[in-house]
$ cat coords.cif   # mmCIF, C-alpha atoms
data_entry
#
loop_
_atom_site.group_PDB
_atom_site.id
_atom_site.type_symbol
_atom_site.label_atom_id
_atom_site.label_comp_id
_atom_site.auth_asym_id
_atom_site.auth_seq_id
_atom_site.Cartn_x
_atom_site.Cartn_y
_atom_site.Cartn_z
ATOM 1 C CA MET W 672 149.744 25.595 29.185
ATOM 2 C CA LYS W 673 147.414 27.515 26.932
ATOM 3 C CA GLU W 674 143.772 28.210 27.644
ATOM 4 C CA ILE W 675 141.261 28.200 24.805
ATOM 5 C CA LYS W 676 137.888 29.889 25.142
ATOM 6 C CA ILE W 677 135.064 28.625 22.929
ATOM 7 C CA GLU W 678 131.901 30.670 22.636
ATOM 8 C CA THR W 679 128.596 29.801 21.041
ATOM 9 C CA LEU W 680 126.232 32.437 19.748
ATOM 10 C CA LEU W 681 122.579 31.445 19.442
ATOM 11 C CA ASN W 682 119.499 33.475 18.599
ATOM 12 C CA VAL W 683 116.503 32.841 20.850
ATOM 13 C CA TYR W 684 113.002 33.724 19.675
ATOM 14 C CA GLU W 685 110.192 33.827 22.231
ATOM 15 C CA THR W 686 107.668 32.217 19.860
ATOM 16 C CA LEU W 687 107.311 30.955 16.308
ATOM 17 C CA ASP W 688 105.562 34.239 15.470
ATOM 18 C CA GLU W 689 108.916 36.054 15.592
ATOM 19 C CA LEU W 690 110.377 33.926 12.782
ATOM 20 C CA PRO W 691 110.237 34.664 9.051
ATOM 21 C CA LYS W 692 107.363 32.939 7.228
ATOM 22 C CA ASP W 693 109.631 30.520 5.350
ATOM 23 C CA VAL W 694 111.129 29.317 8.649
ATOM 24 C CA VAL W 695 107.665 28.966 10.216
ATOM 25 C CA ASP W 696 106.638 26.875 7.203
ATOM 26 C CA LEU W 697 109.657 24.592 7.716
ATOM 27 C CA MET W 698 108.918 24.317 11.461
ATOM 28 C CA THR W 699 105.334 23.374 10.553
ATOM 29 C CA ARG W 700 106.647 20.582 8.326
ATOM 30 C CA ALA W 701 108.787 19.370 11.267
ATOM 31 C CA MET W 702 105.651 19.377 13.476
ATOM 32 C CA GLU W 703 103.829 17.270 10.895
ATOM 33 C CA ALA W 704 106.778 14.864 10.700
ATOM 34 C CA ARG W 705 106.782 14.537 14.498
ATOM 35 C CA GLU W 706 103.261 13.106 14.298
ATOM 36 C CA LYS W 707 104.718 10.191 12.286
ATOM 37 C CA SER W 708 107.226 9.325 14.998
ATOM 38 C CA TYR W 709 107.331 5.709 16.126
ATOM 39 C CA SER W 710 108.427 6.115 19.743
ATOM 40 C CA PRO W 711 106.578 3.588 21.936
ATOM 41 C CA TYR W 712 109.578 2.997 24.219
ATOM 42 C CA SER W 713 110.759 6.500 25.057
ATOM 43 C CA ASN W 714 107.438 8.306 24.483
ATOM 44 C CA PHE W 715 109.612 11.129 23.153
ATOM 45 C CA SER W 716 108.830 12.088 19.586
ATOM 46 C CA VAL W 717 110.889 14.235 17.258
ATOM 47 C CA GLY W 718 110.213 15.654 13.824
ATOM 48 C CA THR W 719 112.700 17.239 11.454
ATOM 49 C CA ALA W 720 112.384 19.108 8.178
ATOM 50 C CA LEU W 721 115.293 19.983 5.894
ATOM 51 C CA LEU W 722 115.299 22.680 3.246
ATOM 52 C CA LEU W 723 117.576 21.794 0.349
ATOM 53 C CA GLU W 724 119.172 24.235 -2.072
ATOM 54 C CA ASN W 725 116.832 22.990 -4.825
ATOM 55 C CA ASN W 726 113.847 23.917 -2.567
ATOM 56 C CA GLU W 727 112.985 20.273 -1.842
ATOM 57 C CA ILE W 728 111.830 19.717 1.733
ATOM 58 C CA ILE W 729 112.784 16.412 3.319
ATOM 59 C CA THR W 730 111.184 15.318 6.586
ATOM 60 C CA GLY W 731 112.021 12.661 9.121
ATOM 61 C CA SER W 732 110.825 11.396 12.485
ATOM 62 C CA ASN W 733 112.447 9.232 15.118
ATOM 63 C CA GLN W 734 111.899 5.515 14.668
ATOM 64 C CA GLU W 735 112.449 3.236 17.672
ATOM 65 C CA ASN W 736 112.925 -0.504 17.937
ATOM 66 C CA ALA W 737 112.582 -3.049 20.743
ATOM 67 C CA SER W 738 116.309 -3.576 20.255
ATOM 68 C CA TYR W 739 116.743 -0.021 21.524
ATOM 69 C CA PRO W 740 120.001 0.989 19.839
ATOM 70 C CA SER W 741 118.611 -0.067 16.465
ATOM 71 C CA GLY W 742 116.320 2.958 16.203
ATOM 72 C CA LEU W 743 117.167 6.192 14.442
ATOM 73 C CA CYS W 744 116.699 9.824 15.396
ATOM 74 C CA ALA W 745 114.585 12.164 13.256
ATOM 75 C CA GLU W 746 117.546 14.313 12.259
ATOM 76 C CA ARG W 747 119.539 11.365 10.941
ATOM 77 C CA THR W 748 116.487 9.843 9.253
ATOM 78 C CA ALA W 749 116.033 13.063 7.263
ATOM 79 C CA ILE W 750 119.678 13.859 6.572
ATOM 80 C CA PHE W 751 120.544 10.326 5.447
ATOM 81 C CA TYR W 752 117.533 10.317 3.114
ATOM 82 C CA ALA W 753 118.617 13.664 1.683
ATOM 83 C CA GLY W 754 122.145 12.327 1.234
ATOM 84 C CA SER W 755 120.931 9.213 -0.572
ATOM 85 C CA GLN W 756 118.356 10.896 -2.820
ATOM 86 C CA PHE W 757 120.051 14.277 -3.399
ATOM 87 C CA PRO W 758 123.766 13.567 -2.846
ATOM 88 C CA ASP W 759 125.058 16.738 -4.498
ATOM 89 C CA VAL W 760 122.414 19.177 -3.234
ATOM 90 C CA THR W 761 123.311 21.486 -0.351
ATOM 91 C CA ILE W 762 121.242 21.321 2.831
ATOM 92 C CA LYS W 763 120.472 24.926 3.724
ATOM 93 C CA ARG W 764 118.318 24.727 6.836
ATOM 94 C CA MET W 765 117.060 22.238 9.416
ATOM 95 C CA ALA W 766 114.018 22.578 11.688
ATOM 96 C CA ILE W 767 113.557 20.318 14.729
ATOM 97 C CA ILE W 768 110.516 19.938 17.005
ATOM 98 C CA ALA W 769 110.771 17.546 19.946
ATOM 99 C CA GLY W 770 108.732 16.621 22.968
ATOM 100 C CA SER W 771 107.508 14.046 25.415
ATOM 101 C CA ARG W 772 104.241 12.218 24.836
ATOM 102 C CA VAL W 773 103.587 12.146 28.613
ATOM 103 C CA LYS W 774 104.200 15.792 29.537
ATOM 104 C CA THR W 775 104.457 19.127 27.757
ATOM 105 C CA THR W 776 107.949 20.030 26.573
ATOM 106 C CA ASP W 777 108.341 23.794 26.580
ATOM 107 C CA GLN W 778 112.119 24.083 26.373
ATOM 108 C CA PRO W 779 114.122 23.977 23.135
ATOM 109 C CA ILE W 780 115.522 20.509 22.410
ATOM 110 C CA PRO W 781 118.776 20.520 20.376
ATOM 111 C CA PRO W 782 120.056 17.561 18.348
ATOM 112 C CA CYS W 783 121.663 14.767 20.370
ATOM 113 C CA GLY W 784 125.401 14.126 20.126
ATOM 114 C CA ALA W 785 125.105 11.377 17.500
ATOM 115 C CA CYS W 786 122.942 13.626 15.329
ATOM 116 C CA ARG W 787 125.334 16.546 15.759
ATOM 117 C CA GLN W 788 128.157 14.351 14.481
ATOM 118 C CA SER W 789 126.074 13.226 11.491
ATOM 119 C CA ILE W 790 124.979 16.763 10.640
ATOM 120 C CA ALA W 791 128.618 17.872 10.941
ATOM 121 C CA GLU W 792 129.595 15.305 8.308
ATOM 122 C CA TYR W 793 127.191 16.866 5.801
ATOM 123 C CA GLU W 794 128.170 20.422 6.707
ATOM 124 C CA ILE W 795 131.814 19.535 6.082
ATOM 125 C CA LYS W 796 130.980 17.558 2.915
ATOM 126 C CA GLN W 797 129.052 20.448 1.369
ATOM 127 C CA ASP W 798 131.485 23.086 2.672
ATOM 128 C CA ALA W 799 128.552 25.269 3.694
ATOM 129 C CA PRO W 800 126.792 25.840 7.009
ATOM 130 C CA ILE W 801 123.445 24.265 7.841
ATOM 131 C CA GLU W 802 121.244 26.721 9.707
ATOM 132 C CA ILE W 803 119.443 24.913 12.551
ATOM 133 C CA TYR W 804 116.224 25.908 14.347
ATOM 134 C CA PHE W 805 115.010 23.831 17.298
ATOM 135 C CA MET W 806 112.250 23.946 19.889
ATOM 136 C CA GLY W 807 110.101 21.849 22.199
ATOM 137 C CA GLU W 808 106.382 21.411 21.547
ATOM 138 C CA LYS W 809 105.817 25.058 22.366
ATOM 139 C CA GLY W 810 107.693 28.090 23.590
ATOM 140 C CA LYS W 811 111.068 29.457 22.590
ATOM 141 C CA VAL W 812 112.829 28.663 19.332
ATOM 142 C CA VAL W 813 116.626 28.616 19.142
ATOM 143 C CA ARG W 814 118.585 29.318 15.956
ATOM 144 C CA SER W 815 122.176 28.309 15.335
ATOM 145 C CA HIS W 816 123.795 29.645 12.165
ATOM 146 C CA SER W 817 125.591 26.306 11.706
ATOM 147 C CA LEU W 818 126.201 22.916 13.254
ATOM 148 C CA ALA W 819 129.815 23.917 13.910
ATOM 149 C CA ASN W 820 128.366 26.417 16.362
ATOM 150 C CA LEU W 821 126.805 23.530 18.353
ATOM 151 C CA LEU W 822 129.771 21.166 17.999
ATOM 152 C CA PRO W 823 132.890 23.347 17.831
ATOM 153 C CA LEU W 824 135.498 20.594 18.320
ATOM 154 C CA VAL W 825 134.253 18.305 15.607
ATOM 155 C CA PHE W 826 135.740 14.911 14.751
ATOM 156 C CA ASP W 827 135.996 14.713 10.974
ATOM 157 C CA LYS W 828 137.776 13.045 8.045
ATOM 158 C CA THR W 829 140.860 15.251 8.410
ATOM 159 C CA VAL W 830 142.008 13.200 11.423
ATOM 160 C CA LEU W 831 141.620 9.797 9.757
#
$ encode --input "coords.cif" --output "C-alpha coordinates"
Amino acid sequence: MKEIKIETLLNVYETLDELPKDVVDLMTRAMEAREKSYSPYSNFSVGTALLLENNEIITGSNQENASYPSGLCAERTAIFYAGSQFPDVTIKRMAIIAGSRVKTTDQPIPPCGACRQSIAEYEIKQDAPIEIYFMGEKGKVVRSHSLANLLPLVFDKTVL
(Lines of atoms letter the chains of each structure in order from A and count residues from 1; the text may use other names and numbers.)
(Lines give C-alpha, C1' and ligand atoms only; values in the text may rest on other atoms or scores of the structure.)
Protein backbone atom coordinates (compact mmCIF):
# COMPACT_ATOMS: atom_id res chain seq x y z
CA MET A 1 0.00 0.00 0.00
CA LYS A 2 1.08 3.53 -0.75
CA GLU A 3 -0.30 6.63 0.90
CA ILE A 4 -0.74 9.80 -1.13
CA LYS A 5 -1.07 13.19 0.54
CA ILE A 6 -2.88 15.93 -1.38
CA GLU A 7 -2.63 19.50 -0.17
CA THR A 8 -4.52 22.57 -1.28
CA LEU A 9 -3.12 26.04 -0.88
CA LEU A 10 -5.63 28.89 -0.83
CA ASN A 11 -5.20 32.59 -0.12
CA VAL A 12 -7.80 34.08 2.22
CA TYR A 13 -8.44 37.82 2.24
CA GLU A 14 -10.42 39.32 5.11
CA THR A 15 -12.33 41.73 2.85
CA LEU A 16 -12.57 42.85 -0.76
CA ASP A 17 -10.46 45.88 0.19
CA GLU A 18 -7.36 43.67 0.38
CA LEU A 19 -7.65 42.65 -3.29
CA PRO A 20 -6.08 44.41 -6.27
CA LYS A 21 -8.40 46.87 -8.03
CA ASP A 22 -8.80 44.72 -11.15
CA VAL A 23 -9.98 41.79 -9.01
CA VAL A 24 -12.38 44.03 -7.07
CA ASP A 25 -13.78 45.22 -10.40
CA LEU A 26 -14.36 41.60 -11.49
CA MET A 27 -15.97 40.76 -8.12
CA THR A 28 -18.24 43.79 -8.60
CA ARG A 29 -19.31 42.44 -11.99
CA ALA A 30 -20.09 39.08 -10.30
CA MET A 31 -22.21 40.95 -7.71
CA GLU A 32 -24.14 42.65 -10.50
CA ALA A 33 -24.65 39.31 -12.26
CA ARG A 34 -25.97 37.79 -9.02
CA GLU A 35 -28.80 40.33 -9.08
CA LYS A 36 -29.97 38.72 -12.36
CA SER A 37 -30.21 35.27 -10.80
CA TYR A 38 -33.48 33.41 -11.31
CA SER A 39 -33.60 31.31 -8.14
CA PRO A 40 -37.20 31.13 -6.86
CA TYR A 41 -36.87 27.52 -5.67
CA SER A 42 -33.61 27.53 -3.72
CA ASN A 43 -33.57 31.24 -2.83
CA PHE A 44 -29.80 30.94 -3.28
CA SER A 45 -28.41 33.27 -5.91
CA VAL A 46 -24.98 33.17 -7.51
CA GLY A 47 -23.19 35.54 -9.84
CA THR A 48 -20.02 34.88 -11.79
CA ALA A 49 -17.72 37.05 -13.88
CA LEU A 50 -14.95 35.74 -16.13
CA LEU A 51 -11.98 37.71 -17.38
CA LEU A 52 -10.82 36.50 -20.77
CA GLU A 53 -7.35 36.94 -22.24
CA ASN A 54 -8.76 39.47 -24.73
CA ASN A 55 -10.06 41.54 -21.75
CA GLU A 56 -13.70 40.64 -22.43
CA ILE A 57 -15.71 40.11 -19.25
CA ILE A 58 -18.43 37.47 -19.39
CA THR A 59 -21.01 37.23 -16.61
CA GLY A 60 -23.51 34.59 -15.62
CA SER A 61 -26.06 33.90 -12.90
CA ASN A 62 -27.79 30.75 -11.78
CA GLN A 63 -31.02 29.98 -13.60
CA GLU A 64 -33.48 27.56 -11.97
CA ASN A 65 -36.42 25.65 -13.37
CA ALA A 66 -39.47 23.96 -11.85
CA SER A 67 -37.97 20.77 -13.25
CA TYR A 68 -35.16 21.27 -10.75
CA PRO A 69 -32.28 19.49 -12.48
CA SER A 70 -32.90 21.51 -15.64
CA GLY A 71 -31.43 24.69 -14.17
CA LEU A 72 -27.85 25.83 -14.57
CA CYS A 73 -25.32 27.25 -12.14
CA ALA A 74 -23.81 30.71 -12.66
CA GLU A 75 -20.32 29.36 -13.25
CA ARG A 76 -21.44 27.04 -16.03
CA THR A 77 -23.72 29.68 -17.55
CA ALA A 78 -20.72 32.00 -17.91
CA ILE A 79 -18.10 29.45 -18.92
CA PHE A 80 -20.30 27.80 -21.55
CA TYR A 81 -21.13 31.21 -23.02
CA ALA A 82 -17.43 32.07 -23.14
CA GLY A 83 -16.71 28.73 -24.79
CA SER A 84 -19.39 29.25 -27.44
CA GLN A 85 -18.62 32.90 -28.23
CA PHE A 86 -14.83 32.93 -27.69
CA PRO A 87 -13.77 29.30 -28.23
CA ASP A 88 -10.06 30.00 -28.66
CA VAL A 89 -9.66 32.70 -26.00
CA THR A 90 -8.10 31.76 -22.67
CA ILE A 91 -10.12 32.29 -19.49
CA LYS A 92 -7.74 33.98 -17.06
CA ARG A 93 -9.81 34.60 -13.95
CA MET A 94 -13.19 33.79 -12.42
CA ALA A 95 -15.01 35.68 -9.65
CA ILE A 96 -17.94 34.11 -7.79
CA ILE A 97 -20.36 35.73 -5.31
CA ALA A 98 -23.03 33.54 -3.73
CA GLY A 99 -25.62 33.82 -1.02
CA SER A 100 -29.02 33.00 0.35
CA ARG A 101 -31.96 35.31 -0.27
CA VAL A 102 -33.38 34.46 3.19
CA LYS A 103 -30.31 34.97 5.39
CA THR A 104 -26.93 36.65 5.13
CA THR A 105 -24.16 34.45 3.75
CA ASP A 106 -20.84 35.53 5.22
CA GLN A 107 -18.72 32.50 4.40
CA PRO A 108 -16.94 31.94 1.08
CA ILE A 109 -18.95 29.70 -1.27
CA PRO A 110 -16.80 27.68 -3.73
CA PRO A 111 -18.08 26.22 -7.00
CA CYS A 112 -20.18 23.06 -6.67
CA GLY A 113 -18.83 19.73 -7.90
CA ALA A 114 -20.53 19.90 -11.31
CA CYS A 115 -19.12 23.39 -11.88
CA ARG A 116 -15.65 22.29 -10.78
CA GLN A 117 -15.76 19.53 -13.38
CA SER A 118 -16.88 21.97 -16.09
CA ILE A 119 -14.24 24.54 -15.17
CA ALA A 120 -11.63 21.75 -15.17
CA GLU A 121 -12.57 20.92 -18.77
CA TYR A 122 -11.75 24.47 -19.87
CA GLU A 123 -8.57 24.64 -17.80
CA ILE A 124 -7.37 21.43 -19.45
CA LYS A 125 -8.54 22.56 -22.91
CA GLN A 126 -6.65 25.85 -22.72
CA ASP A 127 -3.64 24.29 -20.96
CA ALA A 128 -3.53 27.24 -18.56
CA PRO A 129 -4.82 27.74 -15.03
CA ILE A 130 -7.98 29.69 -14.27
CA GLU A 131 -7.52 31.81 -11.16
CA ILE A 132 -10.68 31.62 -9.01
CA TYR A 133 -11.91 34.08 -6.36
CA PHE A 134 -15.03 33.26 -4.35
CA MET A 135 -16.98 34.70 -1.45
CA GLY A 136 -20.40 34.90 0.18
CA GLU A 137 -22.39 38.14 0.16
CA LYS A 138 -19.86 39.69 2.50
CA GLY A 139 -16.77 38.79 4.46
CA LYS A 140 -13.72 36.80 3.46
CA VAL A 141 -12.63 36.19 -0.12
CA VAL A 142 -10.78 33.01 -1.06
CA ARG A 143 -8.37 32.77 -4.00
CA SER A 144 -7.30 29.56 -5.69
CA HIS A 145 -4.53 29.84 -8.28
CA SER A 146 -6.31 27.22 -10.42
CA LEU A 147 -9.25 24.86 -10.56
CA ALA A 148 -6.85 21.92 -10.29
CA ASN A 149 -6.15 23.20 -6.79
CA LEU A 150 -9.85 22.72 -5.89
CA LEU A 151 -10.28 19.43 -7.77
CA PRO A 152 -6.91 17.66 -7.65
CA LEU A 153 -8.07 14.22 -8.87
CA VAL A 154 -9.83 15.41 -11.97
CA PHE A 155 -11.69 13.18 -14.43
CA ASP A 156 -10.69 14.27 -17.92
CA LYS A 157 -10.41 13.20 -21.57
CA THR A 158 -7.18 11.27 -20.95
CA VAL A 159 -9.16 8.42 -19.35
CA LEU A 160 -11.71 8.08 -22.15
$ resolve_selection --input "coords.cif" --expression "the PyMOL selection byres ((chain W and resi 686) around 8)" --output "short mmCIF file (atom, residue, chain, number, x, y, z; two decimals) with C-alpha atoms, in the coordinates of the input"
data_model
loop_
_atom_site.label_atom_id
_atom_site.label_comp_id
_atom_site.auth_asym_id
_atom_site.auth_seq_id
_atom_site.Cartn_x
_atom_site.Cartn_y
_atom_site.Cartn_z
CA TYR W 684 113.00 33.72 19.68
CA GLU W 685 110.19 33.83 22.23
CA LEU W 687 107.31 30.96 16.31
CA ASP W 688 105.56 34.24 15.47
CA GLU W 689 108.92 36.05 15.59
CA LEU W 690 110.38 33.93 12.78
CA LYS W 809 105.82 25.06 22.37
CA GLY W 810 107.69 28.09 23.59
CA LYS W 811 111.07 29.46 22.59
CA VAL W 812 112.83 28.66 19.33
#
$ resolve_selection --input "coords.cif" --expression "the PyMOL selection byres ((chain W and resi 787-795) around 9)" --output "list in words"
Glu746, Arg747, Ile750, Phe751, Gly754, Thr761, Ile762, Pro781, Pro782, Cys783, Gly784, Ala785, Cys786, Lys796, Gln797, Asp798, Ala799, Pro800, Ile801, Ser817, Leu818, Ala819, Leu821, Leu822, Val825, Phe826, Asp827 and Lys828 of chain W
$ closest_residue --input "coords.cif" --among "W:Pro779, W:Pro740, W:Pro758, W:Gly807" --to "Met702 in chain W" --atoms "all atoms listed in the file"
W:Gly807
$ resolve_selection --input "coords.cif" --expression "the PyMOL selection byres ((chain W and resi 803) around 6)" --output "list in words"
Arg764, Met765, Ala766, Glu802, Tyr804, Arg814 and Ser815 of chain W
$ write_last_selection --input "coords.cif" --atoms "C-alpha atoms" --output "PDB file, keeping the file's coordinate frame"
ATOM      1  CA  ARG W 764     118.318  24.727   6.836  1.00  0.00           C
ATOM      2  CA  MET W 765     117.060  22.238   9.416  1.00  0.00           C
ATOM      3  CA  ALA W 766     114.018  22.578  11.688  1.00  0.00           C
ATOM      4  CA  GLU W 802     121.244  26.721   9.707  1.00  0.00           C
ATOM      5  CA  TYR W 804     116.224  25.908  14.347  1.00  0.00           C
ATOM      6  CA  ARG W 814     118.585  29.318  15.956  1.00  0.00           C
ATOM      7  CA  SER W 815     122.176  28.309  15.335  1.00  0.00           C
TER       8      SER W 815
END
$ residues_around --input "coords.cif" --residues "Ile728 in chain W" --least-positions-apart "2" --cutoff "12 Å" --atoms "all atoms listed in the file" --output "mmCIF file with C-alpha atoms, in the coordinates of the input"
data_model
loop_
_atom_site.group_PDB
_atom_site.id
_atom_site.type_symbol
_atom_site.label_atom_id
_atom_site.label_comp_id
_atom_site.auth_asym_id
_atom_site.auth_seq_id
_atom_site.Cartn_x
_atom_site.Cartn_y
_atom_site.Cartn_z
ATOM 1 C CA ASP W 693 109.631 30.520 5.350
ATOM 2 C CA VAL W 694 111.129 29.317 8.649
ATOM 3 C CA ASP W 696 106.638 26.875 7.203
ATOM 4 C CA LEU W 697 109.657 24.592 7.716
ATOM 5 C CA MET W 698 108.918 24.317 11.461
ATOM 6 C CA THR W 699 105.334 23.374 10.553
ATOM 7 C CA ARG W 700 106.647 20.582 8.326
ATOM 8 C CA ALA W 701 108.787 19.370 11.267
ATOM 9 C CA ALA W 704 106.778 14.864 10.700
ATOM 10 C CA THR W 719 112.700 17.239 11.454
ATOM 11 C CA ALA W 720 112.384 19.108 8.178
ATOM 12 C CA LEU W 721 115.293 19.983 5.894
ATOM 13 C CA LEU W 722 115.299 22.680 3.246
ATOM 14 C CA LEU W 723 117.576 21.794 0.349
ATOM 15 C CA GLU W 724 119.172 24.235 -2.072
ATOM 16 C CA ASN W 725 116.832 22.990 -4.825
ATOM 17 C CA ASN W 726 113.847 23.917 -2.567
ATOM 18 C CA THR W 730 111.184 15.318 6.586
ATOM 19 C CA GLY W 731 112.021 12.661 9.121
ATOM 20 C CA ALA W 749 116.033 13.063 7.263
ATOM 21 C CA ILE W 750 119.678 13.859 6.572
ATOM 22 C CA TYR W 752 117.533 10.317 3.114
ATOM 23 C CA ALA W 753 118.617 13.664 1.683
ATOM 24 C CA GLN W 756 118.356 10.896 -2.820
ATOM 25 C CA PHE W 757 120.051 14.277 -3.399
ATOM 26 C CA VAL W 760 122.414 19.177 -3.234
ATOM 27 C CA THR W 761 123.311 21.486 -0.351
ATOM 28 C CA ILE W 762 121.242 21.321 2.831
ATOM 29 C CA LYS W 763 120.472 24.926 3.724
ATOM 30 C CA ARG W 764 118.318 24.727 6.836
ATOM 31 C CA MET W 765 117.060 22.238 9.416
ATOM 32 C CA ALA W 766 114.018 22.578 11.688
#
$ atom_distance --input "coords.cif" --atom1 "CA of Asn820 in chain W" --atom2 "CA of Thr679 in chain W"
5.8 Å
$ atom_distance --input "coords.cif" --atom1 "CA of Ala769 in chain W" --atom2 "CA of Glu727 in chain W"
22.1 Å
$ atom_distance --input "coords.cif" --atom1 "CA of Glu703 in chain W" --atom2 "CA of Ser755 in chain W"
22.1 Å
$ closest_residue --input "coords.cif" --among "W:Asn736, W:Thr748, W:Lys692, W:Asp759" --to "Pro711 in chain W" --atoms "only C-alpha atoms"
W:Asn736
$ residues_around --input "coords.cif" --residues "Lys774 in chain W" --least-positions-apart "2" --cutoff "12 Å" --atoms "all atoms listed in the file" --output "number ranges by chain"
W: 714-716, 769-772, 776-778, 807-809
$ decode --input "coords.cif" --residues "range 718-737 of chain W" --atoms "N, CA, C and O atoms" --output "mmCIF file, in the first residue's frame"
data_model
loop_
_atom_site.group_PDB
_atom_site.id
_atom_site.type_symbol
_atom_site.label_atom_id
_atom_site.label_comp_id
_atom_site.auth_asym_id
_atom_site.auth_seq_id
_atom_site.Cartn_x
_atom_site.Cartn_y
_atom_site.Cartn_z
ATOM 1 N N GLY W 718 -23.641 34.775 -8.687
ATOM 2 C CA GLY W 718 -23.189 35.537 -9.841
ATOM 3 C C GLY W 718 -21.732 35.234 -10.118
ATOM 4 O O GLY W 718 -20.945 35.026 -9.184
ATOM 5 N N THR W 719 -21.386 35.185 -11.381
ATOM 6 C CA THR W 719 -20.016 34.881 -11.795
ATOM 7 C C THR W 719 -19.576 35.882 -12.866
ATOM 8 O O THR W 719 -20.387 36.289 -13.693
ATOM 9 N N ALA W 720 -18.306 36.229 -12.822
ATOM 10 C CA ALA W 720 -17.717 37.050 -13.876
ATOM 11 C C ALA W 720 -16.396 36.412 -14.283
ATOM 12 O O ALA W 720 -15.615 35.988 -13.422
ATOM 13 N N LEU W 721 -16.184 36.301 -15.582
ATOM 14 C CA LEU W 721 -14.952 35.737 -16.130
ATOM 15 C C LEU W 721 -14.167 36.832 -16.835
ATOM 16 O O LEU W 721 -14.738 37.623 -17.588
ATOM 17 N N LEU W 722 -12.864 36.838 -16.623
ATOM 18 C CA LEU W 722 -11.982 37.713 -17.376
ATOM 19 C C LEU W 722 -11.278 36.863 -18.418
ATOM 20 O O LEU W 722 -10.583 35.899 -18.080
ATOM 21 N N LEU W 723 -11.467 37.222 -19.694
ATOM 22 C CA LEU W 723 -10.818 36.499 -20.773
ATOM 23 C C LEU W 723 -9.503 37.172 -21.143
ATOM 24 O O LEU W 723 -9.278 38.348 -20.839
ATOM 25 N N GLU W 724 -8.664 36.435 -21.830
ATOM 26 C CA GLU W 724 -7.352 36.943 -22.242
ATOM 27 C C GLU W 724 -7.457 38.189 -23.134
ATOM 28 O O GLU W 724 -6.574 39.034 -23.129
ATOM 29 N N ASN W 725 -8.564 38.314 -23.864
ATOM 30 C CA ASN W 725 -8.762 39.474 -24.734
ATOM 31 C C ASN W 725 -9.417 40.648 -23.991
ATOM 32 O O ASN W 725 -9.874 41.591 -24.604
ATOM 33 N N ASN W 726 -9.486 40.537 -22.657
ATOM 34 C CA ASN W 726 -10.060 41.539 -21.747
ATOM 35 C C ASN W 726 -11.578 41.631 -21.786
ATOM 36 O O ASN W 726 -12.154 42.528 -21.162
ATOM 37 N N GLU W 727 -12.244 40.722 -22.502
ATOM 38 C CA GLU W 727 -13.703 40.637 -22.428
ATOM 39 C C GLU W 727 -14.063 40.143 -21.030
ATOM 40 O O GLU W 727 -13.357 39.314 -20.451
ATOM 41 N N ILE W 728 -15.178 40.620 -20.508
ATOM 42 C CA ILE W 728 -15.707 40.106 -19.247
ATOM 43 C C ILE W 728 -17.055 39.478 -19.543
ATOM 44 O O ILE W 728 -17.943 40.129 -20.119
ATOM 45 N N ILE W 729 -17.193 38.229 -19.181
ATOM 46 C CA ILE W 729 -18.426 37.472 -19.386
ATOM 47 C C ILE W 729 -19.046 37.232 -18.013
ATOM 48 O O ILE W 729 -18.347 36.826 -17.077
ATOM 49 N N THR W 730 -20.341 37.474 -17.885
ATOM 50 C CA THR W 730 -21.008 37.229 -16.611
ATOM 51 C C THR W 730 -22.073 36.156 -16.762
ATOM 52 O O THR W 730 -22.542 35.871 -17.871
ATOM 53 N N GLY W 731 -22.449 35.588 -15.641
ATOM 54 C CA GLY W 731 -23.505 34.591 -15.616
ATOM 55 C C GLY W 731 -24.127 34.545 -14.233
ATOM 56 O O GLY W 731 -23.499 34.917 -13.243
ATOM 57 N N SER W 732 -25.368 34.099 -14.180
ATOM 58 C CA SER W 732 -26.060 33.904 -12.905
ATOM 59 C C SER W 732 -26.794 32.572 -12.963
ATOM 60 O O SER W 732 -27.083 32.058 -14.048
ATOM 61 N N ASN W 733 -27.085 32.023 -11.782
ATOM 62 C CA ASN W 733 -27.795 30.747 -11.778
ATOM 63 C C ASN W 733 -29.229 30.942 -12.257
ATOM 64 O O ASN W 733 -29.860 31.959 -12.001
ATOM 65 N N GLN W 734 -29.700 29.959 -13.001
ATOM 66 C CA GLN W 734 -31.024 29.981 -13.597
ATOM 67 C C GLN W 734 -31.728 28.670 -13.255
ATOM 68 O O GLN W 734 -31.316 27.609 -13.698
ATOM 69 N N GLU W 735 -32.774 28.763 -12.427
ATOM 70 C CA GLU W 735 -33.476 27.558 -11.972
ATOM 71 C C GLU W 735 -34.705 27.278 -12.834
ATOM 72 O O GLU W 735 -35.112 28.100 -13.656
ATOM 73 N N ASN W 736 -35.282 26.115 -12.606
ATOM 74 C CA ASN W 736 -36.423 25.649 -13.370
ATOM 75 C C ASN W 736 -37.282 24.789 -12.453
ATOM 76 O O ASN W 736 -36.748 24.113 -11.584
ATOM 77 N N ALA W 737 -38.590 24.796 -12.664
ATOM 78 C CA ALA W 737 -39.474 23.959 -11.852
ATOM 79 C C ALA W 737 -39.084 22.489 -11.957
ATOM 80 O O ALA W 737 -39.243 21.724 -11.012
#
